[in-house]
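Undergrad: Below are the structure tokens for one structure; questions will follow.
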Amino acid sequence: MDRDLGRNRGEERRLSFGPGGLTRAAFLRLSGGAAAALAAGPAMATAGAATMDTRTMDKRPIPSTGELLPVIGCGTWRTFDVGDSAEERAQRAEVLRVLFEAGGSVIDSSPMYGSSEAVVGDVLAGMGARDKAFLATKVWTRGETAGIEQMRESLRLLRAERIELMQIHNLVDWRTHLATLRGWKREGRIRHLGITHYHSGAHDELEAVMRAEPLDFVQLNYALNDRDAERRLLPLAAERGIAVLVNQPFGGGSLLRELSPRPLPGWAAEIGAASWAQALLKFVLAHPAVTCAIPGTGRPRHMADNVAAGSGPYPDADLRRRMIAEAGA
């Protein structure tokens with residue numbers, strides 16, 4: 001299902017510096033231009049719009065390695081679960097072509113997603129594009145042996161000797177799998193490790209693991225109408241040097257469906273947003289702790305729309321409040 005799923009809403013909360021919030025150093029280090037625009041206000045955002053002469057996708061550092069990651073990726077839940085259909089696979093190849101041509105690289109999948117891993121692996125092989133992809137998948141089972149077998153199968157389906165990111169899906173048996181992932185990272189089978197969840201009800205447990213364990217990535221839900229992550233998790237990720245992948249950046253799709261029939265407000269031009277989807281993605285990317293948003297899509301035109309949000313300017317704090325009010329979120 002395109003344009004993601006989810007239902008959670010959070011109270012409006014402003015970014016802060018100092019205790020309980022982002023330090024100024026982390027704020028500037030993690031986000032570059034996005035942080036500067038958020039801190040400097042409308043003048044900076046307007047200046048960015050005036051000087052931007054391309055739509056080259058922005059990149060942000062993975063804190064643990066310094067590697068730069070493009071800010072828009074592609075999720076594959078449901079959208080790449082198309083089995084052996086040649087027609088559907090050809091469309092997914094076009095989705096990935098659009099992503100790569102825009103400078104994107106992140107493709108996120110899971111054994112939970114039906115045939116998605118196999119489709120991604122076969123499509124990339126057919127395109128000769130494995131070297132363009134930052135592949136992320138997950139382990140989603142219980143027990144050490146079962147976890148190892150599942151991850152080996154994921155690598156086989158993805159046609160990869162190693163992958164860029166292995167995540168513990170929804171924190172299932174995370175203590176067992178984290179020990180395995182550390183070993184795989186030492187052996188070079190994976191380059192980064194992380195944890196995931198999609199629901200605000202799991203944020204307490206995410207926070208506890210983020211505080212206790214060294215991680216490269218956390219994947220979590222965050223959107224204009226689902227802002228609970230702003231309260232603790234995003235500041236904590238910045239503090240701990242953890243990269244953030246955002247799933248469900250459209251708030252589960254319902255918000256985008258509600259907004260899409262409305263004309264874009266005048267403020268959309270201030271951030272170079274030509275659609276509501278771009279505006280919602282830019283809202284997410286305006287937070288300096290966010291590394292990459294991974295909206296799911298199986299449609300090339302949606303991918304083209306999404307990647308266009310991946311360059312500045314981004315909304316500053318004042319505009320973010322206006323966007324929240326406009327959406328009634």
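Chain labels run A, B, ... following the order of the structure tokens; each chain numbers its residues from 1, and ligands are numbered from 1 in the order shown.
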When DSSP works through the backbone of this structure, what residues of segment 20-202 of chain A end up as helix (DSSP H, G or I), shown as a count of residues only?
TA: 95
Undergrad: Find the spatial neighbours of segment 124-137 of chain A, counting only C-alpha atoms, within a cut-off of 10 Å - ignore same-chain residues fewer than 3 positions away - and output them as a ChimeraX atom specification.
TA: /A:69-70,73,75,90,92-94,96-97,99-101,103-112,117-121,140,151,154-155,158-160,162-169,190,192-194
Undergrad: Near Ala273 of chain A, within 8 Å and counting only C-alpha atoms, which residues show up once chain neighbours fewer than 5 positions away are dropped, as a compact mmCIF listing (two decimals) with N, CA, C and O atoms, in the first residue's frame?
TA:
```txt
# COMPACT_ATOMS: atom_id res chain seq x y z
N ALA A 268 4.09 26.75 1.06
CA ALA A 268 4.78 25.64 0.39
C ALA A 268 5.90 26.15 -0.51
O ALA A 268 6.96 25.52 -0.63
N GLN A 278 5.59 16.23 -0.62
CA GLN A 278 6.87 16.89 -0.43
C GLN A 278 6.88 17.73 0.84
O GLN A 278 7.87 17.76 1.58
N ALA A 279 5.77 18.42 1.11
CA ALA A 279 5.70 19.23 2.32
C ALA A 279 5.83 18.37 3.57
O ALA A 279 6.55 18.73 4.52
N LYS A 282 9.42 17.17 3.93
CA LYS A 282 10.29 18.27 4.36
C LYS A 282 10.08 18.59 5.85
O LYS A 282 11.04 18.96 6.55
N ALA A 309 11.55 16.08 -2.58
CA ALA A 309 11.58 16.71 -1.25
C ALA A 309 12.96 16.64 -0.61
O ALA A 309 13.17 17.24 0.45
```
Undergrad: Please, what distance in Å, to one decimal, runs between atom CA of Glu270 of chain A and atom CA of Glu258 of chain A?
TA: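 Taking atom CA of Glu270 of chain A and atom CA of Glu258 of chain A, their separation equals 21.9 Å.
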Undergrad: What's the 7 Å shell around Ile72 of chain A, counting only C-alpha atoms, without same-chain residues fewer than 2 positions away, as a PyMOL selection string?
TA: chain A and resi 70+104+292-294+307+310
Undergrad: For the selection just defined, write its residues with C-alpha atoms to a file, as a PDB file, in the first residue's frame.
TA:
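Now in part-v8.pdb:
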```
ATOM      1  CA  PRO A  70      20.898  10.524   1.002  1.00  0.00           C
ATOM      2  CA  GLY A 104      19.086   8.244  -3.420  1.00  0.00           C
ATOM      3  CA  CYS A 292      16.781   9.581   6.110  1.00  0.00           C
ATOM      4  CA  ALA A 293      13.045   9.164   5.524  1.00  0.00           C
ATOM      5  CA  ILE A 294      11.915   5.932   3.852  1.00  0.00           C
ATOM      6  CA  VAL A 307      12.755  12.430  -4.017  1.00  0.00           C
ATOM      7  CA  GLY A 310      15.168  15.666  -0.615  1.00  0.00           C
TER       8      GLY A 310
END
```
Undergrad: For Gly328 of chain A, find every residue with an atom within 10 Å (counting only C-alpha atoms), except residues of its own chain fewer than 6 positions away, and show them as a tab-separated table (two decimals) with N, CA, C and O atoms, in the first residue's frame.
TA:
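Contents of out.tsv, freshly written:
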```tsv
chain	number	residue	atom	x	y	z
A	224	LEU	N	4.28	14.62	10.67
A	224	LEU	CA	3.67	15.86	11.12
A	224	LEU	C	2.56	15.60	12.14
A	224	LEU	O	2.41	16.36	13.09
A	225	ASN	N	1.79	14.54	11.94
A	225	ASN	CA	0.70	14.22	12.87
A	225	ASN	C	1.07	13.09	13.83
A	225	ASN	O	0.20	12.51	14.47
A	255	LEU	N	-3.26	11.07	6.69
A	255	LEU	CA	-3.05	12.52	6.64
A	255	LEU	C	-2.84	12.98	5.20
A	255	LEU	O	-3.42	14.00	4.78
A	322	ARG	N	3.14	26.50	11.77
A	322	ARG	CA	2.09	26.84	10.81
A	322	ARG	C	1.60	25.59	10.08
A	322	ARG	O	0.40	25.42	9.82
```
Undergrad: Using only C-alpha atoms for the distances, tell me which of A:Ile148, A:Leu220, A:Leu236, A:Leu245 is nearest to Leu181 of chain A.
TA: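 So, comparing all the options, the nearest one is A:Ile148.
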Undergrad: Using only C-alpha atoms, tabulate the residues of segment 174-256 of chain A lying at most 12 Å from any atom of segment 77-85 of chain A, each with its closest atom pair and that distance in Å to one decimal, by chain and increasing residue number, as CSV.
TA:
```
residue,atom,partner,partner_atom,distance
A:Tyr198,CA,A:Trp77,CA,11.9
A:Asn247,CA,A:Trp77,CA,10.3
A:Gln248,CA,A:Trp77,CA,10.6
```
Undergrad: Would you export the selected residues with N, CA, C and O atoms as an mmCIF file, in the first residue's frame, please?
TA:
```
data_model
loop_
_atom_site.group_PDB
_atom_site.id
_atom_site.type_symbol
_atom_site.label_atom_id
_atom_site.label_comp_id
_atom_site.auth_asym_id
_atom_site.auth_seq_id
_atom_site.Cartn_x
_atom_site.Cartn_y
_atom_site.Cartn_z
ATOM 1 N N TYR A 198 7.615 0.722 14.825
ATOM 2 C CA TYR A 198 6.752 1.565 14.008
ATOM 3 C C TYR A 198 5.656 2.244 14.822
ATOM 4 O O TYR A 198 4.821 2.966 14.275
ATOM 5 N N ASN A 247 10.284 5.760 9.369
ATOM 6 C CA ASN A 247 9.218 5.079 8.649
ATOM 7 C C ASN A 247 7.905 5.838 8.867
ATOM 8 O O ASN A 247 7.768 6.625 9.789
ATOM 9 N N GLN A 248 6.956 5.623 7.996
ATOM 10 C CA GLN A 248 5.645 6.262 8.078
ATOM 11 C C GLN A 248 5.717 7.794 8.147
ATOM 12 O O GLN A 248 5.058 8.426 8.974
#
```
Undergrad: Give me, as CSV, each residue of segment 217-272 of chain A that comes within 12 Å of segment 296-302 of chain A, together with its shortest interatomic pair and the distance in Å at one decimal, counting only C-alpha atoms, with rows ordered by chain and rising residue number.
TA:
```
residue,atom,partner,partner_atom,distance
A:Val246,CA,A:Gly296,CA,10.9
A:Asn247,CA,A:Gly296,CA,8.2
A:Gln248,CA,A:Gly296,CA,7.9
A:Pro249,CA,A:Gly296,CA,9.3
A:Phe250,CA,A:Gly296,CA,9.7
A:Gly251,CA,A:Gly296,CA,11.9
A:Gly252,CA,A:Gly296,CA,10.4
A:Gly253,CA,A:Gly296,CA,10.3
```
Undergrad: For Leu234 of chain A, which of A:Gly143, A:Gly183, A:Pro313, A:Pro288 is the closest residue, counting only C-alpha atoms?
TA: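 The closest residue to Leu234 of chain A is A:Pro288.
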